[in-house]
>>> print(open('coords-v7.txt').read())   # compact mmCIF, C-alpha atoms
# COMPACT_ATOMS: atom_id res chain seq x y z
CA MET A 1 -53.94 46.34 -119.04
CA VAL A 2 -50.84 47.47 -120.79
CA PHE A 3 -50.64 48.56 -124.40
CA GLU A 4 -48.00 50.22 -126.52
CA VAL A 5 -47.89 51.83 -129.93
CA LEU A 6 -45.35 50.15 -132.20
CA PRO A 7 -43.45 52.03 -134.94
CA GLY A 8 -44.52 49.39 -137.46
CA LEU A 9 -45.43 45.77 -137.88
CA PRO A 10 -43.19 43.45 -135.83
CA PRO A 11 -40.78 41.40 -137.96
CA TYR A 12 -41.17 38.28 -135.82
CA GLY A 13 -43.74 36.40 -133.77
CA PRO A 14 -47.39 35.66 -134.58
CA LEU A 15 -49.04 37.61 -137.37
CA PRO A 16 -50.80 40.78 -136.21
CA LYS A 17 -54.59 40.73 -136.09
CA LEU A 18 -55.97 42.85 -138.96
CA ILE A 19 -58.74 45.13 -137.74
CA SER A 20 -60.87 47.29 -140.03
CA ARG A 21 -64.28 48.90 -139.89
CA THR A 22 -65.35 47.10 -143.04
CA GLY A 23 -64.01 43.71 -141.99
CA SER A 24 -61.72 43.60 -145.01
CA PRO A 25 -58.90 41.12 -144.35
CA VAL A 26 -56.46 42.80 -146.75
CA TYR A 27 -54.90 46.23 -146.46
CA ARG A 28 -51.52 47.77 -145.76
CA GLU A 29 -49.85 48.59 -142.49
CA GLY A 30 -52.06 50.78 -140.33
CA PHE A 31 -51.79 51.95 -136.73
CA VAL A 32 -50.01 49.14 -134.89
CA VAL A 33 -50.65 48.50 -131.18
CA ARG A 34 -49.34 45.71 -128.92
CA PHE A 35 -51.62 44.56 -126.10
CA LEU A 36 -50.40 42.82 -122.94
CA PRO A 37 -53.68 41.90 -121.20
CA GLY A 38 -52.40 40.79 -117.78
CA ALA A 39 -51.75 37.06 -117.56
CA GLU A 40 -53.14 36.50 -121.06
CA ARG A 41 -50.93 36.13 -124.08
CA GLU A 42 -49.84 39.34 -125.78
CA TRP A 43 -51.12 40.19 -129.23
CA VAL A 44 -50.63 42.87 -131.89
CA GLY A 45 -53.41 44.69 -133.69
CA ASN A 46 -52.95 46.35 -137.09
CA PHE A 47 -55.76 48.94 -137.24
CA GLN A 48 -56.93 50.28 -140.58
CA ARG A 49 -56.78 54.06 -140.63
CA GLY A 50 -59.67 56.40 -141.39
CA PHE A 51 -59.56 59.72 -143.23
CA ALA A 52 -57.77 61.96 -140.72
CA SER A 53 -54.28 62.08 -139.24
CA LEU A 54 -55.06 61.43 -135.55
CA ASP A 55 -53.52 58.26 -134.12
CA ASP A 56 -54.14 57.71 -130.40
CA VAL A 57 -54.71 54.96 -127.86
CA CYS A 58 -56.17 55.26 -124.35
CA MET A 59 -58.30 53.40 -121.86
CA HIS A 60 -61.99 53.65 -122.62
CA PRO A 61 -63.95 55.52 -119.94
CA ASP A 62 -65.57 52.21 -118.90
CA GLY A 63 -62.18 51.04 -117.57
CA LYS A 64 -62.45 47.63 -119.31
CA HIS A 65 -61.88 48.39 -122.96
CA VAL A 66 -59.30 50.32 -124.98
CA LEU A 67 -60.12 53.13 -127.40
CA ILE A 68 -57.92 53.12 -130.49
CA ILE A 69 -58.08 56.03 -132.92
CA ALA A 70 -56.34 55.08 -136.15
CA GLY A 71 -56.25 57.89 -138.68
CA GLY A 72 -59.44 59.30 -137.17
CA GLU A 73 -61.30 55.96 -137.11
CA ALA A 74 -62.29 54.96 -133.56
CA TYR A 75 -62.28 51.34 -132.39
CA VAL A 76 -63.45 50.15 -128.98
CA ILE A 77 -61.44 46.98 -128.31
CA ASP A 78 -61.81 44.18 -125.77
CA PRO A 79 -58.13 43.25 -125.34
CA ALA A 80 -58.86 39.96 -123.55
CA SER A 81 -61.02 38.55 -126.38
CA GLN A 82 -59.10 40.42 -129.13
CA SER A 83 -62.41 41.68 -130.49
CA VAL A 84 -63.89 44.93 -131.76
CA ILE A 85 -66.83 46.05 -129.62
CA GLN A 86 -67.62 49.08 -131.77
CA SER A 87 -66.12 51.20 -134.54
CA PHE A 88 -67.20 54.71 -135.47
CA GLY A 89 -65.96 58.01 -136.81
CA GLY A 90 -63.39 57.96 -139.56
CA ASP A 91 -62.49 61.61 -139.31
CA PHE A 92 -61.72 62.42 -135.67
CA GLU A 93 -59.05 65.10 -135.33
CA SER A 94 -58.69 65.37 -131.55
CA CYS A 95 -59.24 63.30 -128.43
CA THR A 96 -59.32 65.27 -125.16
CA PRO A 97 -59.58 63.47 -121.80
CA LEU A 98 -61.33 65.59 -119.18
CA PRO A 99 -59.21 65.85 -116.03
CA GLY A 100 -60.88 64.49 -112.93
CA SER A 101 -63.55 62.57 -114.84
CA CYS A 102 -63.92 59.41 -116.86
CA VAL A 103 -64.98 60.94 -120.18
CA LEU A 104 -63.31 61.78 -123.49
CA LEU A 105 -64.16 64.56 -125.93
CA LEU A 106 -63.72 63.58 -129.58
CA SER A 107 -63.94 66.16 -132.33
CA ASN A 108 -63.85 66.16 -136.09
CA ALA A 109 -63.99 69.18 -138.39
CA LEU A 110 -67.72 69.72 -137.78
CA TRP A 111 -68.86 68.67 -134.28
CA ILE A 112 -67.82 67.31 -130.88
CA GLU A 113 -68.84 64.07 -129.13
CA LEU A 114 -68.58 63.10 -125.47
CA ILE A 115 -67.70 59.45 -124.82
CA GLY A 116 -68.50 58.19 -121.32
CA PRO A 117 -68.49 54.76 -119.66
CA GLN A 118 -71.64 53.71 -121.60
CA GLY A 119 -70.38 55.05 -124.94
CA ARG A 120 -71.50 58.22 -126.72
CA ALA A 121 -73.33 60.46 -124.24
CA TRP A 122 -74.01 63.29 -126.69
CA GLN A 123 -73.00 64.91 -129.95
CA THR A 124 -73.18 68.65 -130.57
CA ARG A 125 -74.98 70.19 -133.48
CA ARG A 126 -72.80 71.08 -136.44
CA LEU A 127 -70.50 73.93 -135.33
CA ALA A 128 -68.30 74.63 -138.36
CA TRP A 129 -68.20 74.57 -142.11
CA ASP A 130 -64.86 72.79 -142.07
CA GLY A 131 -62.56 73.05 -139.05
CA LEU A 132 -62.64 73.17 -135.26
CA ARG A 133 -60.01 74.26 -132.77
CA VAL A 134 -60.41 73.18 -129.16
CA LEU A 135 -58.91 75.97 -127.06
CA GLY A 136 -59.78 74.98 -123.51
CA VAL A 137 -61.92 73.00 -121.13
CA SER A 138 -63.25 74.09 -117.74
CA ALA A 139 -65.13 72.03 -115.16
CA ASP A 140 -68.41 72.40 -117.04
CA GLU A 141 -67.66 73.88 -120.49
CA MET A 142 -65.47 73.47 -123.54
CA PHE A 143 -64.32 76.48 -125.55
CA GLY A 144 -63.03 76.71 -129.07
CA GLU A 145 -63.24 78.22 -132.52
CA ALA A 146 -65.13 77.04 -135.59
CA ARG A 147 -64.14 77.84 -139.17
CA HIS A 148 -66.56 79.60 -141.50
CA PHE A 149 -66.51 79.08 -145.30
CA ASP A 150 -64.93 82.55 -145.68
CA ASP A 151 -61.91 81.35 -143.60
CA SER A 152 -62.89 83.39 -140.53
CA TRP A 153 -62.95 81.76 -137.10
CA HIS A 154 -65.92 82.08 -134.72
CA ALA A 155 -65.94 81.35 -130.99
CA PHE A 156 -68.14 78.61 -129.58
CA SER A 157 -68.75 76.96 -126.23
CA VAL A 158 -70.23 73.58 -125.37
CA ARG A 159 -71.90 72.69 -122.08
CA LEU A 160 -70.33 69.39 -120.96
CA SER A 161 -73.41 68.14 -119.10
CA ASP A 162 -75.56 67.82 -122.25
CA GLY A 163 -73.62 68.99 -125.33
CA LYS A 164 -75.65 72.15 -125.84
CA ALA A 165 -73.54 74.49 -127.94
CA SER A 166 -73.62 78.23 -128.44
CA GLY A 167 -71.81 80.22 -131.07
CA GLY A 168 -69.82 78.64 -133.86
CA ALA A 169 -69.63 79.31 -137.58
CA TYR A 170 -72.39 77.12 -139.02
CA ASP A 171 -75.96 78.42 -139.06
CA GLY A 172 -77.53 76.01 -141.54
CA PRO A 173 -79.92 73.12 -140.92
>>> encode(input="coords-v7.txt", output="C-alpha cells")
Amino acid sequence: MVFEVLPGLPPYGPLPKLISRTGSPVYREGFVVRFLPGAEREWVGNFQRGFASLDDVCMHPDGKHVLIIAGGEAYVIDPASQSVIQSFGGDFESCTPLPGSCVLLLSNALWIELIGPQGRAWQTRRLAWDGLRVLGVSADEMFGEARHFDDSWHAFSVRLSDGKASGGAYDGP
C-alpha cells in the first residue's frame, strides 16, 4: 500500500472521492490523499477536516487499513474498496506511533486514546481543562503536561497497558 499527501486537489484525472463524517457530498477542499493500492487503480480522497489543525496519514495498526487524520477528524479507510470503515474524533491534536509496537496514541486537548489492531483499546479519563502536551513515551508509560484553567501546567503519566492515568490538571467528574 502506497499513499501520498497531495498539496491540493489534482487538476486532471477522475474526480476525487469526497469523504466526510456526516456523509455530506458537498464541501470545500479538505485533506487530499492519493492511494495506490497495489495492482488496483489509484484513487484520490478529499477528506473533510474536523475542528483541529492536525493532518496526518499512516498505516492503521491492523496493517490492512489506513488512518487519515484530517483537521483532527480520524478516518479508518479500506483503500482497496475506497470505503470508510470508521470515523471518530474531530479534535485530535497529536498522533504518536509507539516504537517497536503496532499501536498509535491519539490525543486531543482533554484525553488520550490508544489505537491498536482491533481499534480503540482504551481512553484515559479527562486529564486537562483545555490542553495537553505529550513530552515522552517509554516502554510502558507516556508522560506529559495538562493545562489547568488558571493556565498552569500539571504533570501526568499514563500506563500504556490499560490507560490508567495519574496526575493531570482536571479533578472534576
>>> residues_around(input="coords-v7.txt", residues="Arg133 (chain A)", least_positions_apart="4", cutoff="12 Å", atoms="only C-alpha atoms", output="list in words")
Glu93, Ser94, Cys95, Thr96, Leu106, Ser107, Asn108, Ala109, Leu110, Trp111, Ile112, Leu127, Ala128, Val137, Met142, Phe143, Gly144, Glu145, Ala146, Arg147, Trp153, His154, Ala155, Phe156, Ser157, Gly168 and Ala169 of chain A
>>> residues_around(input="coords-v7.txt", residues="Ile77 (chain A)", least_positions_apart="6", cutoff="6 Å", atoms="all atoms listed in the file", output="list in words")
His65, Val66, Ser83, Val84 and Ile85 of chain A
>>> atom_distance(input="coords-v7.txt", atom1="CA of Asp56 (chain A)", atom2="CA of Ile68 (chain A)")
5.9 Å
>>> atom_distance(input="coords-v7.txt", atom1="CA of Asp130 (chain A)", atom2="CA of Ser152 (chain A)")
10.9 Å
>>> atom_distance(input="coords-v7.txt", atom1="CA of Ser24 (chain A)", atom2="CA of Leu67 (chain A)")
20.1 Å
>>> residues_around(input="coords-v7.txt", residues="Asn46 (chain A)", least_positions_apart="3", cutoff="12 Å", atoms="all atoms listed in the file", output="PyMOL selection string")
chain A and resi 5-10+15-21+25-35+43+49+68-70+75+82
>>> closest_residue(input="coords-v7.txt", among="A:Pro79, A:Pro61, A:Gly71, A:Gly172", to="Leu98 (chain A)", atoms="only C-alpha atoms")
A:Pro61
>>> closest_residue(input="coords-v7.txt", among="A:Ser81, A:Ser101, A:Gln123, A:Ser87", to="Asp140 (chain A)", atoms="all atoms listed in the file")
A:Ser101
>>> closest_residue(input="coords-v7.txt", among="A:Asp78, A:Ala121, A:Leu54, A:Lys64", to="Phe92 (chain A)", atoms="only C-alpha atoms")
A:Leu54
>>> residues_around(input="coords-v7.txt", residues="Gly89 (chain A)", least_positions_apart="4", cutoff="7 Å", atoms="only C-alpha atoms", output="PyMOL selection string")
chain A and resi 72-74
>>> build_atoms(input="coords-v7.txt", residues="region 118-149 of chain A", atoms="N, CA and C atoms", output="compact mmCIF listing (two decimals), keeping the file's coordinate frame")
# COMPACT_ATOMS: atom_id res chain seq x y z
N GLN A 118 -70.65 54.46 -120.82
CA GLN A 118 -71.64 53.71 -121.60
C GLN A 118 -71.54 53.99 -123.10
N GLY A 119 -70.52 54.71 -123.53
CA GLY A 119 -70.38 55.05 -124.94
C GLY A 119 -70.69 56.52 -125.18
N ARG A 120 -71.23 56.83 -126.38
CA ARG A 120 -71.50 58.22 -126.72
C ARG A 120 -72.64 58.75 -125.85
N ALA A 121 -72.33 59.83 -125.10
CA ALA A 121 -73.33 60.46 -124.24
C ALA A 121 -74.08 61.54 -125.01
N TRP A 122 -73.37 62.27 -125.87
CA TRP A 122 -74.01 63.29 -126.69
C TRP A 122 -73.10 63.67 -127.85
N GLN A 123 -73.71 64.33 -128.81
CA GLN A 123 -73.00 64.91 -129.95
C GLN A 123 -73.56 66.31 -130.16
N THR A 124 -72.71 67.28 -130.34
CA THR A 124 -73.18 68.65 -130.57
C THR A 124 -73.84 68.76 -131.94
N ARG A 125 -74.52 69.85 -132.13
CA ARG A 125 -74.98 70.19 -133.48
C ARG A 125 -73.74 70.52 -134.31
N ARG A 126 -73.92 70.69 -135.59
CA ARG A 126 -72.80 71.08 -136.44
C ARG A 126 -72.36 72.49 -136.03
N LEU A 127 -71.05 72.65 -135.80
CA LEU A 127 -70.50 73.93 -135.33
C LEU A 127 -69.73 74.69 -136.39
N ALA A 128 -69.21 74.00 -137.40
CA ALA A 128 -68.30 74.63 -138.36
C ALA A 128 -68.61 74.18 -139.77
N TRP A 129 -68.12 74.98 -140.72
CA TRP A 129 -68.20 74.57 -142.11
C TRP A 129 -67.12 73.53 -142.39
N ASP A 130 -65.93 73.75 -141.85
CA ASP A 130 -64.86 72.79 -142.07
C ASP A 130 -63.66 73.15 -141.21
N GLY A 131 -63.71 72.85 -139.93
CA GLY A 131 -62.56 73.05 -139.05
C GLY A 131 -62.96 73.50 -137.66
N LEU A 132 -62.43 72.81 -136.67
CA LEU A 132 -62.64 73.17 -135.26
C LEU A 132 -61.29 73.25 -134.56
N ARG A 133 -61.18 74.18 -133.64
CA ARG A 133 -60.01 74.26 -132.77
C ARG A 133 -60.51 74.25 -131.34
N VAL A 134 -60.07 73.25 -130.58
CA VAL A 134 -60.41 73.18 -129.16
C VAL A 134 -59.37 74.02 -128.43
N LEU A 135 -59.83 75.06 -127.73
CA LEU A 135 -58.91 75.97 -127.06
C LEU A 135 -58.80 75.74 -125.57
N GLY A 136 -59.84 75.20 -124.96
CA GLY A 136 -59.78 74.98 -123.51
C GLY A 136 -61.01 74.27 -122.99
N VAL A 137 -60.84 73.72 -121.79
CA VAL A 137 -61.92 73.00 -121.13
C VAL A 137 -61.91 73.42 -119.67
N SER A 138 -63.10 73.79 -119.16
CA SER A 138 -63.25 74.09 -117.74
C SER A 138 -64.01 72.93 -117.09
N ALA A 139 -64.41 73.10 -115.87
CA ALA A 139 -65.13 72.03 -115.16
C ALA A 139 -66.46 71.70 -115.82
N ASP A 140 -67.10 72.68 -116.47
CA ASP A 140 -68.41 72.40 -117.04
C ASP A 140 -68.59 72.86 -118.49
N GLU A 141 -67.53 73.38 -119.12
CA GLU A 141 -67.66 73.88 -120.49
C GLU A 141 -66.39 73.66 -121.29
N MET A 142 -66.59 73.53 -122.60
CA MET A 142 -65.47 73.47 -123.54
C MET A 142 -65.54 74.71 -124.41
N PHE A 143 -64.38 75.25 -124.75
CA PHE A 143 -64.32 76.48 -125.55
C PHE A 143 -63.47 76.22 -126.79
N GLY A 144 -63.82 76.87 -127.87
CA GLY A 144 -63.03 76.71 -129.07
C GLY A 144 -63.44 77.68 -130.15
N GLU A 145 -62.93 77.41 -131.35
CA GLU A 145 -63.24 78.22 -132.52
C GLU A 145 -63.65 77.31 -133.66
N ALA A 146 -64.62 77.78 -134.45
CA ALA A 146 -65.13 77.04 -135.59
C ALA A 146 -64.88 77.85 -136.85
N ARG A 147 -64.48 77.17 -137.92
CA ARG A 147 -64.14 77.84 -139.17
C ARG A 147 -65.37 78.03 -140.04
N HIS A 148 -65.50 79.23 -140.57
CA HIS A 148 -66.56 79.60 -141.50
C HIS A 148 -66.05 79.38 -142.93
N PHE A 149 -66.95 79.30 -143.91
CA PHE A 149 -66.51 79.08 -145.30
C PHE A 149 -65.67 80.24 -145.85
